[in-house]
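Listing of query32.cif; format and content: mmCIF, C-alpha atoms.
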data_data
#
loop_
_atom_site.label_atom_id
_atom_site.label_comp_id
_atom_site.auth_asym_id
_atom_site.auth_seq_id
_atom_site.Cartn_x
_atom_site.Cartn_y
_atom_site.Cartn_z
CA MET A 74 -129.91 53.24 -62.36
CA ALA A 75 -130.09 56.78 -61.05
CA ASP A 76 -131.34 55.40 -57.76
CA LYS A 77 -128.27 53.21 -57.46
CA ASP A 78 -125.92 56.15 -58.15
CA PHE A 79 -127.74 58.17 -55.58
CA ALA A 80 -127.37 55.40 -53.02
CA THR A 81 -123.57 55.18 -53.65
CA LEU A 82 -123.28 58.94 -53.26
CA ILE A 83 -125.13 58.81 -49.95
CA GLU A 84 -122.88 55.96 -48.86
CA LEU A 85 -119.79 58.00 -49.78
CA ILE A 86 -120.96 61.03 -47.83
CA ARG A 87 -121.85 58.82 -44.89
CA SER A 88 -118.37 57.28 -44.83
CA VAL A 89 -116.82 60.78 -44.81
CA GLY A 90 -119.08 61.71 -41.91
CA HIS A 91 -118.24 58.50 -40.09
CA ARG A 92 -114.52 59.13 -40.42
CA LEU A 93 -114.82 62.68 -39.17
CA ASN A 94 -116.99 61.57 -36.27
CA SER A 95 -114.60 58.87 -35.16
CA ALA A 96 -111.64 61.23 -35.55
CA VAL A 97 -113.32 63.83 -33.35
CA GLN A 98 -114.26 61.13 -30.87
CA ARG A 99 -110.66 59.91 -30.69
CA LEU A 100 -109.43 63.47 -30.26
CA GLY A 101 -111.88 64.00 -27.42
CA PHE A 102 -110.80 60.73 -25.83
CA ALA A 103 -107.17 61.79 -26.15
CA ALA A 104 -107.92 65.13 -24.47
CA ARG A 105 -109.76 63.42 -21.61
CA PHE A 106 -106.94 60.90 -21.35
CA PHE A 107 -104.43 63.77 -21.08
CA LEU A 108 -106.50 65.31 -18.28
CA MET A 109 -106.66 61.96 -16.50
CA ILE A 110 -102.86 61.66 -16.70
CA LEU A 111 -102.49 65.10 -15.14
CA VAL A 112 -105.04 64.26 -12.43
CA TYR A 113 -103.31 60.98 -11.50
CA SER A 114 -99.79 62.43 -11.79
CA GLY A 115 -99.83 63.33 -8.12
CA GLN A 116 -100.50 59.72 -7.21
CA SER A 117 -97.71 58.44 -9.42
CA PHE A 118 -95.22 61.06 -8.20
CA ARG A 119 -95.66 59.70 -4.70
CA ARG A 120 -93.92 56.63 -6.05
CA LEU A 121 -91.17 58.53 -7.79
CA HIS A 122 -89.04 55.50 -8.62
CA LEU A 123 -91.63 54.50 -11.22
CA THR A 124 -90.97 57.73 -13.14
CA ILE A 125 -87.20 57.47 -12.63
CA ARG A 126 -87.34 53.97 -14.09
CA GLU A 127 -89.07 55.34 -17.17
CA ILE A 128 -86.52 58.14 -17.51
CA TYR A 129 -83.93 55.37 -17.52
CA PHE A 130 -85.71 53.38 -20.21
CA SER A 131 -86.76 56.18 -22.53
CA GLY A 132 -84.14 58.83 -21.76
CA PHE A 133 -80.92 57.16 -20.79
CA GLN A 134 -81.24 54.32 -23.25
CA SER A 135 -81.82 56.80 -26.10
CA LEU A 136 -78.53 58.53 -25.29
CA LEU A 137 -76.39 56.55 -27.69
CA ILE A 138 -78.49 57.20 -30.78
CA ILE A 139 -78.98 60.85 -29.83
CA LEU A 140 -75.29 61.49 -29.25
CA VAL A 141 -74.13 59.69 -32.40
CA SER A 142 -76.75 61.37 -34.60
CA GLY A 143 -75.98 64.77 -33.08
CA LEU A 144 -72.28 64.36 -33.74
CA PHE A 145 -72.83 63.39 -37.35
CA ILE A 146 -75.39 66.11 -38.02
CA GLY A 147 -73.00 68.67 -36.54
CA MET A 148 -70.17 67.38 -38.70
CA VAL A 149 -72.30 67.48 -41.85
CA LEU A 150 -73.43 71.01 -40.99
CA GLY A 151 -69.79 72.00 -40.57
CA MET A 152 -68.88 70.62 -43.98
CA GLN A 153 -71.86 71.90 -45.92
CA GLY A 154 -71.81 75.24 -44.13
CA TYR A 155 -68.14 75.75 -44.86
CA GLU A 156 -68.65 74.83 -48.51
CA THR A 157 -71.34 77.50 -48.92
CA LEU A 158 -69.90 80.18 -46.65
CA GLN A 159 -66.41 80.18 -48.14
CA ARG A 160 -67.92 81.21 -51.50
CA TYR A 161 -68.86 84.48 -49.85
CA GLY A 162 -65.61 84.71 -47.94
CA ALA A 163 -67.45 84.32 -44.65
CA SER A 164 -66.13 80.98 -43.45
CA GLU A 165 -65.56 82.45 -39.96
CA ALA A 166 -69.33 82.60 -39.58
CA LEU A 167 -69.40 78.78 -39.62
CA GLY A 168 -69.79 78.67 -35.85
CA VAL A 169 -72.86 80.90 -36.02
CA LEU A 170 -74.44 78.75 -38.72
CA VAL A 171 -73.82 75.49 -36.87
CA ALA A 172 -74.90 76.78 -33.47
CA LEU A 173 -78.04 78.59 -34.63
CA SER A 174 -79.32 75.78 -36.83
CA LEU A 175 -78.75 73.27 -34.04
CA THR A 176 -80.15 75.17 -31.06
CA ARG A 177 -83.12 76.63 -32.88
CA GLU A 178 -84.28 73.84 -35.15
CA LEU A 179 -82.27 70.68 -35.66
CA GLY A 180 -81.59 69.94 -32.01
CA PRO A 181 -85.22 69.93 -30.81
CA VAL A 182 -86.74 68.53 -34.01
CA VAL A 183 -84.31 65.75 -34.90
CA ALA A 184 -83.92 64.71 -31.27
CA ALA A 185 -87.72 64.53 -30.95
CA LEU A 186 -88.04 62.51 -34.17
CA LEU A 187 -85.40 60.07 -32.95
CA PHE A 188 -87.00 59.96 -29.52
CA ALA A 189 -90.41 59.20 -31.05
CA SER A 190 -89.08 56.29 -33.04
CA ARG A 191 -86.73 54.98 -30.36
CA ALA A 192 -88.71 55.49 -27.12
CA GLY A 193 -92.23 56.42 -28.21
CA SER A 194 -92.72 53.24 -30.20
CA ALA A 195 -91.36 51.19 -27.29
CA ILE A 196 -93.81 52.82 -24.88
CA THR A 197 -96.74 52.15 -27.23
CA ALA A 198 -95.68 48.55 -27.71
CA GLU A 199 -95.34 48.00 -23.97
CA ILE A 200 -98.69 49.52 -23.02
CA GLY A 201 -100.42 47.94 -26.02
CA LEU A 202 -99.14 44.49 -25.10
CA MET A 203 -100.13 45.04 -21.48
CA LYS A 204 -103.61 45.80 -22.74
CA ALA A 205 -103.64 42.81 -25.11
CA THR A 206 -102.61 40.47 -22.31
CA GLU A 207 -105.21 42.08 -20.03
CA GLN A 208 -102.65 43.26 -17.49
CA LEU A 209 -104.29 46.68 -17.39
CA THR A 210 -107.68 45.11 -16.61
CA ALA A 211 -106.04 42.95 -13.94
CA MET A 212 -104.57 46.04 -12.31
CA ASP A 213 -107.96 47.68 -12.32
CA MET A 214 -109.42 44.58 -10.64
CA MET A 215 -106.78 44.83 -7.90
CA ALA A 216 -107.78 48.48 -7.33
CA VAL A 217 -104.51 49.70 -8.85
CA ASN A 218 -105.20 52.54 -11.21
CA PRO A 219 -103.43 51.67 -14.48
CA ILE A 220 -103.15 55.34 -15.46
CA ALA A 221 -101.36 56.24 -12.25
CA ARG A 222 -99.26 53.05 -12.21
CA VAL A 223 -98.40 52.55 -15.88
CA VAL A 224 -99.33 55.54 -18.04
CA ALA A 225 -98.41 58.64 -16.03
CA PRO A 226 -94.81 57.55 -15.19
CA ARG A 227 -94.13 56.81 -18.84
CA PHE A 228 -95.62 60.14 -19.88
CA TRP A 229 -93.54 62.14 -17.40
CA GLY A 230 -90.45 60.09 -18.12
CA GLY A 231 -90.70 61.18 -21.74
CA VAL A 232 -91.50 64.80 -20.92
CA ILE A 233 -88.48 65.08 -18.61
CA SER A 234 -86.09 63.25 -20.92
CA MET A 235 -86.89 65.18 -24.09
CA PRO A 236 -85.38 68.63 -23.27
CA LEU A 237 -82.27 66.98 -21.81
CA LEU A 238 -81.81 64.86 -24.92
CA ALA A 239 -82.32 67.87 -27.19
CA ALA A 240 -79.74 69.91 -25.24
CA LEU A 241 -77.27 67.03 -25.47
CA PHE A 242 -77.98 66.71 -29.18
CA SER A 243 -77.26 70.41 -29.78
CA ALA A 244 -74.13 70.40 -27.61
CA VAL A 245 -72.67 67.34 -29.31
CA GLY A 246 -73.65 68.78 -32.70
CA VAL A 247 -71.78 72.02 -31.99
CA PHE A 248 -68.79 69.91 -31.00
CA GLY A 249 -69.11 67.97 -34.28
CA GLY A 250 -69.19 71.24 -36.21
CA TYR A 251 -66.09 72.33 -34.30
CA LEU A 252 -64.32 69.07 -35.13
CA VAL A 253 -64.93 69.41 -38.85
CA GLY A 254 -64.71 73.20 -39.12
CA VAL A 255 -61.74 73.95 -36.91
CA VAL A 256 -59.80 70.70 -36.52
CA LEU A 257 -60.30 69.26 -39.99
CA ILE A 258 -60.78 72.24 -42.32
CA GLY A 259 -58.88 74.81 -40.32
CA VAL A 260 -61.30 77.68 -39.72
CA ASP A 261 -59.82 80.05 -37.16
CA GLU A 262 -60.74 78.75 -33.72
CA GLY A 263 -61.07 82.14 -32.05
CA ALA A 264 -63.38 83.49 -34.76
CA PHE A 265 -65.42 80.29 -34.71
CA TRP A 266 -66.30 80.60 -31.02
CA ALA A 267 -66.34 84.40 -30.79
CA GLN A 268 -68.75 84.88 -33.70
CA MET A 269 -70.91 82.10 -32.31
CA GLN A 270 -71.08 83.73 -28.90
CA GLY A 271 -71.72 87.10 -30.50
CA SER A 272 -74.76 85.93 -32.43
CA VAL A 273 -76.37 83.25 -30.25
CA ASP A 274 -78.55 84.74 -27.56
CA PHE A 275 -79.37 82.61 -24.55
CA ARG A 276 -82.97 83.63 -24.05
CA TYR A 277 -83.88 84.08 -27.68
CA ASP A 278 -82.14 81.14 -29.33
CA ILE A 279 -81.25 78.56 -26.71
CA TRP A 280 -84.16 78.95 -24.35
CA ASN A 281 -86.67 78.92 -27.20
CA GLY A 282 -85.09 75.67 -28.33
CA VAL A 283 -85.57 74.21 -24.86
CA VAL A 284 -89.22 75.33 -24.85
CA LYS A 285 -89.67 73.70 -28.24
CA SER A 286 -88.20 70.40 -27.09
CA PHE A 287 -90.42 70.46 -23.99
CA VAL A 288 -93.53 70.90 -26.16
CA PHE A 289 -92.35 68.10 -28.45
CA GLY A 290 -91.75 65.94 -25.38
CA VAL A 291 -95.34 66.44 -24.22
CA ALA A 292 -96.71 65.74 -27.72
CA VAL A 293 -94.61 62.62 -28.38
CA SER A 294 -95.17 61.13 -24.92
CA LEU A 295 -98.89 61.79 -25.04
CA ILE A 296 -99.26 60.24 -28.49
CA ALA A 297 -97.17 57.23 -27.42
CA VAL A 298 -99.10 56.45 -24.22
CA PHE A 299 -102.46 57.22 -25.83
CA GLU A 300 -101.87 54.97 -28.83
CA GLY A 301 -100.77 52.20 -26.50
CA TYR A 302 -103.76 52.61 -24.21
CA ASP A 303 -106.17 52.87 -27.14
CA ALA A 304 -104.67 49.91 -29.04
CA VAL A 305 -106.95 47.19 -30.35
CA PRO A 306 -105.89 44.31 -28.08
CA THR A 307 -104.65 41.97 -30.81
CA ALA A 308 -101.25 41.44 -32.38
CA GLU A 309 -102.34 43.36 -35.45
CA GLY A 310 -103.90 46.13 -33.38
CA VAL A 311 -100.71 46.68 -31.37
CA SER A 312 -98.62 46.77 -34.51
CA ASN A 313 -101.00 49.33 -36.02
CA SER A 314 -100.76 51.44 -32.87
CA ILE A 315 -96.96 51.46 -33.01
CA LYS A 316 -97.09 52.51 -36.64
CA ARG A 317 -99.52 55.31 -35.77
CA THR A 318 -97.32 56.48 -32.89
CA VAL A 319 -94.34 56.99 -35.17
CA VAL A 320 -96.34 58.59 -37.99
CA TYR A 321 -98.46 60.88 -35.79
CA SER A 322 -95.48 61.87 -33.64
CA ALA A 323 -93.46 62.87 -36.68
CA LEU A 324 -96.37 64.85 -38.12
CA ALA A 325 -97.11 66.48 -34.77
CA ILE A 326 -93.46 67.44 -34.24
CA LEU A 327 -93.10 69.02 -37.66
CA ALA A 328 -96.44 70.83 -37.52
CA LEU A 329 -95.85 72.09 -33.97
CA ASP A 330 -92.36 73.17 -34.99
CA PHE A 331 -93.80 75.37 -37.71
CA VAL A 332 -96.33 76.91 -35.32
CA LEU A 333 -93.78 77.48 -32.55
CA THR A 334 -91.18 78.88 -34.95
CA SER A 335 -93.64 81.34 -36.41
CA PHE A 336 -94.42 82.55 -32.89
CA MET A 337 -90.84 82.63 -31.62
CA PHE A 338 -88.68 83.79 -34.53
CA ARG A 339 -90.55 86.33 -36.55
CA GLY A 340 -87.41 88.35 -37.13
CA LEU A 341 -88.91 91.61 -35.98
CA MET B 270 -81.69 45.74 -12.83
CA SER B 271 -81.60 47.06 -9.29
CA ARG B 272 -83.18 50.33 -8.35
CA LYS B 273 -79.89 51.79 -7.13
CA LEU B 274 -78.20 51.23 -10.46
CA ILE B 275 -81.13 52.77 -12.32
CA ASP B 276 -80.98 55.79 -10.01
CA LEU B 277 -77.27 56.12 -10.73
CA TRP B 278 -77.71 56.04 -14.50
CA VAL B 279 -80.65 58.43 -14.44
CA GLY B 280 -78.70 60.81 -12.24
CA PHE B 281 -75.80 60.55 -14.68
CA PHE B 282 -78.18 61.26 -17.57
CA VAL B 283 -79.74 64.30 -15.90
CA VAL B 284 -76.36 65.74 -14.93
CA MET B 285 -75.14 65.27 -18.51
CA GLY B 286 -78.25 66.99 -19.89
CA ILE B 287 -77.84 69.96 -17.57
CA ALA B 288 -74.13 70.13 -18.39
CA ALA B 289 -75.04 70.26 -22.09
CA LEU B 290 -77.46 73.09 -21.42
CA LEU B 291 -74.79 74.96 -19.47
CA PHE B 292 -72.35 74.40 -22.30
CA LEU B 293 -74.88 75.86 -24.73
CA ALA B 294 -75.57 78.81 -22.44
CA LEU B 295 -71.99 79.73 -21.60
CA ARG B 296 -69.87 78.54 -24.50
CA VAL B 297 -72.25 78.73 -27.46
CA GLY B 298 -74.50 81.55 -26.28
CA ASN B 299 -73.56 84.78 -24.64
CA LEU B 300 -75.25 84.47 -21.28
CA SER B 301 -72.08 85.53 -19.52
CA SER B 302 -71.42 88.72 -21.48
CA ALA B 303 -74.53 90.22 -22.99
CA ASN B 304 -77.11 90.07 -20.24
CA PHE B 305 -76.59 93.28 -18.39
CA ALA B 306 -77.45 93.18 -14.73
CA GLU B 307 -78.72 96.73 -14.43
CA THR B 308 -79.74 98.91 -17.31
CA TYR B 309 -81.31 102.27 -18.00
CA PRO B 310 -83.44 103.22 -20.99
CA LEU B 311 -82.68 105.90 -23.57
CA THR B 312 -84.58 107.04 -26.64
CA ALA B 313 -83.12 108.06 -29.98
CA LYS B 314 -84.99 109.32 -33.03
CA PHE B 315 -83.74 108.76 -36.54
CA ASP B 316 -84.93 109.88 -39.97
CA ASN B 317 -84.09 106.45 -41.31
CA ILE B 318 -82.95 103.39 -39.43
CA GLY B 319 -82.09 101.29 -42.47
CA GLY B 320 -81.96 97.61 -41.52
CA LEU B 321 -81.66 98.04 -37.75
CA LYS B 322 -83.43 95.29 -35.82
CA VAL B 323 -84.80 94.88 -32.34
CA ARG B 324 -82.13 93.28 -30.10
CA GLY B 325 -79.45 94.80 -32.28
CA PRO B 326 -76.35 95.93 -30.40
CA VAL B 327 -75.55 99.45 -29.20
CA LYS B 328 -71.82 100.01 -29.34
CA SER B 329 -69.51 102.71 -28.18
CA ALA B 330 -65.90 102.57 -29.39
CA GLY B 331 -66.73 99.11 -30.70
CA VAL B 332 -67.73 97.71 -27.30
CA VAL B 333 -71.30 96.49 -26.82
CA VAL B 334 -72.83 98.72 -24.15
CA GLY B 335 -76.53 98.04 -24.70
CA ARG B 336 -79.27 96.68 -26.92
CA VAL B 337 -82.11 98.05 -29.03
CA THR B 338 -85.33 97.04 -27.28
CA GLU B 339 -88.03 98.63 -29.36
CA ILE B 340 -88.44 100.27 -32.76
CA ARG B 341 -91.57 102.15 -33.72
CA PHE B 342 -92.72 104.80 -36.14
CA ASP B 343 -93.80 108.21 -34.92
CA PRO B 344 -96.71 109.33 -37.13
CA GLU B 345 -96.43 112.98 -35.99
CA THR B 346 -92.82 113.65 -36.92
CA TYR B 347 -92.44 110.79 -39.43
CA GLU B 348 -89.37 109.58 -37.61
CA ALA B 349 -88.28 106.18 -36.35
CA VAL B 350 -88.19 106.05 -32.55
CA THR B 351 -85.77 103.52 -31.07
CA MET B 352 -85.66 102.56 -27.42
CA LEU B 353 -82.25 101.50 -26.13
CA THR B 354 -81.27 99.85 -22.87
CA ILE B 355 -77.77 100.73 -21.78
CA ASP B 356 -75.70 98.99 -19.15
CA SER B 357 -75.86 101.24 -16.10
CA ARG B 358 -72.10 100.92 -15.60
CA TYR B 359 -71.71 103.25 -18.57
CA ARG B 360 -72.84 106.88 -18.53
CA PHE B 361 -72.85 109.11 -21.57
CA PRO B 362 -72.76 112.94 -21.83
CA LYS B 363 -75.86 114.90 -22.87
CA ASP B 364 -74.46 115.72 -26.30
CA THR B 365 -73.68 112.12 -27.21
CA PHE B 366 -74.01 111.46 -30.91
CA ALA B 367 -75.95 108.37 -32.01
CA SER B 368 -75.51 107.05 -35.53
CA ILE B 369 -76.57 103.94 -37.36
CA LEU B 370 -73.56 102.03 -38.62
CA THR B 371 -72.97 98.75 -40.39
CA ALA B 372 -70.60 96.07 -39.17
CA GLY B 373 -68.46 95.21 -42.17
CA LEU B 374 -69.65 95.56 -45.73
CA LEU B 375 -72.74 93.38 -45.47
CA GLY B 376 -72.94 92.89 -41.71
CA GLU B 377 -75.73 93.67 -39.31
CA GLN B 378 -76.55 97.25 -38.44
CA TYR B 379 -76.01 98.70 -35.00
CA ILE B 380 -76.24 101.99 -33.19
CA GLY B 381 -72.91 103.63 -32.47
CA LEU B 382 -72.64 106.13 -29.61
CA ASP B 383 -69.93 108.79 -29.80
CA ALA B 384 -69.53 110.54 -26.48
CA GLY B 385 -69.57 114.34 -26.55
CA GLY B 386 -67.99 116.78 -24.15
CA ASP B 387 -70.95 117.89 -22.06
CA GLU B 388 -70.55 117.72 -18.31
CA LYS B 389 -74.15 116.69 -17.75
CA MET B 390 -74.87 113.01 -18.22
CA LEU B 391 -77.87 111.38 -19.89
CA LYS B 392 -80.41 110.16 -17.35
CA ALA B 393 -82.79 107.23 -17.62
CA GLY B 394 -85.52 107.97 -20.14
CA ASP B 395 -83.66 110.83 -21.84
CA VAL B 396 -83.75 111.41 -25.57
CA ILE B 397 -80.51 111.52 -27.52
CA ALA B 398 -80.80 114.75 -29.48
CA LYS B 399 -78.06 114.37 -32.06
CA THR B 400 -78.51 111.44 -34.40
CA GLN B 401 -77.38 110.41 -37.83
CA SER B 402 -79.47 108.14 -40.03
CA ALA B 403 -78.41 105.01 -41.79
CA VAL B 404 -76.67 105.43 -45.10
CA VAL B 405 -79.01 104.21 -47.79
CA LEU B 406 -77.06 102.85 -50.70
CA GLU B 407 -79.59 103.92 -53.34
CA LYS B 408 -79.51 107.52 -52.13
CA LEU B 409 -75.75 107.51 -52.14
CA ILE B 410 -75.67 106.21 -55.69
CA SER B 411 -78.28 108.67 -56.96
CA GLN B 412 -76.41 111.53 -55.31
CA PHE B 413 -73.22 110.40 -57.00
CA MET B 414 -74.94 110.12 -60.37
CA PHE B 415 -76.52 113.52 -59.94
CA ASN B 416 -73.16 115.08 -59.18
CA LYS B 417 -71.61 113.40 -62.20
CA ALA B 418 -74.42 114.66 -64.40
CA SER B 419 -74.07 118.24 -63.17
CA GLU B 420 -70.29 118.09 -63.73
CA GLY B 421 -70.99 117.11 -67.31
CA THR B 422 -73.21 120.16 -67.94
CA ASP B 423 -70.65 122.52 -66.36
CA LYS B 424 -67.98 121.59 -68.89
CA LYS B 425 -70.09 122.59 -71.87
#
This entry written out as structure tokens:
Amino acid sequence: MADKDFATLIELIRSVGHRLNSAVQRLGFAARFFLMILVYSGQSFRRLHLTIREIYFSGFQSLLIILVSGLFIGMVLGMQGYETLQRYGASEALGVLVALSLTRELGPVVAALLFASRAGSAITAEIGLMKATEQLTAMDMMAVNPIARVVAPRFWGGVISMPLLAALFSAVGVFGGYLVGVVLIGVDEGAFWAQMQGSVDFRYDIWNGVVKSFVFGVAVSLIAVFEGYDAVPTAEGVSNSIKRTVVYSALAILALDFVLTSFMFRGL
Amino acid sequence: MSRKLIDLWVGFFVVMGIAALLFLALRVGNLSSANFAETYPLTAKFDNIGGLKVRGPVKSAGVVVGRVTEIRFDPETYEAVTMLTIDSRYRFPKDTFASILTAGLLGEQYIGLDAGGDEKMLKAGDVIAKTQSAVVLEKLISQFMFNKASEGTDKK
């Protein structure tokens, strides 16, 4: 009896060890994969239209959802912000509230979350299916490096698109806040813009937001191409990879956002 | 879809993204007004800086003329040392008076510069000699209470 308990305990510990080992192995593979992408980027940049095509598919085609979400988030911020601020008689500060929350946090984070679910999952599905149908192996056989031909353009397409999408998100969001705050509710227009310009610093607030969205772009694109490349080449495996892309991207974005925020805005 | 059309749309996308960034920089942020081209540093020491923060504005007659770049504590004199960068278009006399003021009732704190009458001007790296600390509400209240209390004893 005791022997049997002991054996189950050993089995339990072994399964924990196995999980940790495979996690570390995957992490190492991902790091090597990232290095490989960087190494082969030069090769893929020589055929720039490949990357431009990916910017079209992941960046341009995400425009609609980014713009619409940005507008609505800005409008909601305008409404909620006004509701709270007017209690303290500070409704003129609405512009500051909308602009700071968008450029510092909501713009980069929400745009990256949308990008991960709209474009990241598509990239994973595409690469995963290519792997399942052995297109990647076929390329290798024809002496075409699949990382340079397929993976690196998709990675860079995402990295380039992300900051642009986040900037568009913030800009449209500020416009949405303006629509609700000034046009609908009737906050003074001059105070709205003047207070905003007085409190939003380009380098501190806006540029840090751009840096954030760039980091998110690298994280999301890397997770997307890695999960696709590492997918188990079956229908179930690809579907699992897509699920992991969305979940890991969201976790990575939120965790990285906390780390970056604590470095950037310590309020000294 | 042809390559030319894709190029067109991507170009459109990139131009829109950069336009959004410019909109943020110029309309939302204050790139155009607050980044001074050429500046010179000044130092001011205060007994108490209250809630002054790094990057807080330095104003003279209500106009932003500089920013607070550094705040540290001097362990020898037990004073707060603030470093200011002032737009080099503006020169201030040697006996300029620096005080810590509050914008509005609950607004942010800033350093106000009141120009004196000295003919010599402050040079880069100079120390502003005459300063006034932030008004601390608790001190003000305790002073008021103390005065009230002493009035009460006088009447007896």
Using all atoms listed in the file, which protein or nucleic acid residues come within 9 Å of Ala349 of chain B? Drop anything in the same chain fewer than 3 positions from it, and give the result as a VMD selection string.
chain B and resid 313 to 318 340 to 343 346
Identify which of the residues B:Glu345, B:Thr312, B:Ala398, B:Val333 lies closest to chain A, counting all atoms listed in the file when measuring atom-to-atom distances.
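Using all atoms listed in the file, chain A sits closest to B:Val333.
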Running the PyMOL selection byres ((chain A) within 7 of (chain B)) on this model by hand, what would come out? Give it as a list in words.
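Selected by the PyMOL selection byres ((chain A) within 7 of (chain B)) here: Ile125, Arg126, Ile128, Tyr129, Phe133, Ala172, Leu237, Leu238, Ala240, Leu241, Ala244, Met269, Gln270, Gly271, Val273, Asp274, Phe275 and Leu341 of chain A.
Here atom CA of Val112 of chain A and atom CA of Val217 of chain A stand 15.0 Å from one another.
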On this structure, the PyMOL selection byres ((chain B and resi 354) around 8) would catch which residues? List them as a list in words, sorted by chain and number.
Thr308, Tyr309, Pro310, Leu311, Gly335, Arg336, Val337, Thr338, Met352, Leu353, Ile355 and Asp356 of chain B
Quick one: which residues end up in the PyMOL selection byres ((chain A and resi 174-182) around 8) for this structure, as a VMD selection string?
chain A and resid 143 147 170 to 173 183 to 186 236 239 to 240 242 to 243 246 to 247 278 to 279 281 to 283 285 to 286 289 326 to 327 330
How big is the axis-aligned box around all listed atoms of segment 160-165 of chain A once 3 Å goes on each side, and where's its centre, in Å to one decimal, as AutoDock Vina command-line options?
--center_x -67.2 --center_y 82.8 --center_z -45.7 --size_x 9.3 --size_y 9.7 --size_z 17.5
By how many Å are atom CA of Lys204 of chain A and atom CA of Phe299 of chain A apart?
11.9 Å
Smallest atom-to-atom distance to Ala384 of chain B: which of B:Gly319, B:Ile410, B:Lys328, B:Thr371, using all atoms listed in the file?
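Between B:Gly319, B:Ile410, B:Lys328, B:Thr371, the residue approaching Ala384 of chain B most closely is B:Lys328.
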What is the atom CA of Met152 of chain A to atom CA of Leu140 of chain A distance in Å?
18.5 Å
Have segment 249-260 of chain A completed to N, CA, C and O atoms, please, and pass it along as a CSV table (one decimal), keeping the file's coordinate frame.
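Wrote out32.csv, looks like this:
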chain,number,residue,atom,x,y,z
A,249,GLY,N,-69.4,68.6,-33.0
A,249,GLY,CA,-69.1,68.0,-34.3
A,249,GLY,C,-68.8,69.0,-35.3
A,249,GLY,O,-67.8,68.8,-36.1
A,250,GLY,N,-69.5,70.2,-35.3
A,250,GLY,CA,-69.2,71.2,-36.2
A,250,GLY,C,-67.8,71.8,-36.0
A,250,GLY,O,-67.1,72.1,-36.9
A,251,TYR,N,-67.4,71.9,-34.7
A,251,TYR,CA,-66.1,72.3,-34.3
A,251,TYR,C,-65.0,71.4,-34.8
A,251,TYR,O,-64.0,71.8,-35.4
A,252,LEU,N,-65.3,70.1,-34.7
A,252,LEU,CA,-64.3,69.1,-35.1
A,252,LEU,C,-64.1,69.2,-36.6
A,252,LEU,O,-62.9,69.3,-37.0
A,253,VAL,N,-65.1,69.3,-37.4
A,253,VAL,CA,-64.9,69.4,-38.8
A,253,VAL,C,-64.4,70.8,-39.2
A,253,VAL,O,-63.5,70.9,-40.0
A,254,GLY,N,-65.0,71.8,-38.7
A,254,GLY,CA,-64.7,73.2,-39.1
A,254,GLY,C,-63.3,73.6,-38.7
A,254,GLY,O,-62.5,74.1,-39.5
A,255,VAL,N,-63.0,73.4,-37.4
A,255,VAL,CA,-61.7,74.0,-36.9
A,255,VAL,C,-60.6,72.9,-37.0
A,255,VAL,O,-59.6,73.2,-37.6
A,256,VAL,N,-60.9,71.7,-36.6
A,256,VAL,CA,-59.8,70.7,-36.5
A,256,VAL,C,-59.5,70.2,-37.9
A,256,VAL,O,-58.3,70.1,-38.3
A,257,LEU,N,-60.5,69.9,-38.7
A,257,LEU,CA,-60.3,69.3,-40.0
A,257,LEU,C,-60.0,70.3,-41.1
A,257,LEU,O,-59.0,70.2,-41.8
A,258,ILE,N,-60.9,71.3,-41.2
A,258,ILE,CA,-60.8,72.2,-42.3
A,258,ILE,C,-59.8,73.4,-42.0
A,258,ILE,O,-59.1,73.9,-42.8
A,259,GLY,N,-59.8,73.8,-40.7
A,259,GLY,CA,-58.9,74.8,-40.3
A,259,GLY,C,-59.4,76.2,-40.3
A,259,GLY,O,-58.7,77.2,-40.5
A,260,VAL,N,-60.7,76.4,-40.0
A,260,VAL,CA,-61.3,77.7,-39.7
A,260,VAL,C,-60.7,78.2,-38.4
A,260,VAL,O,-60.4,77.4,-37.5
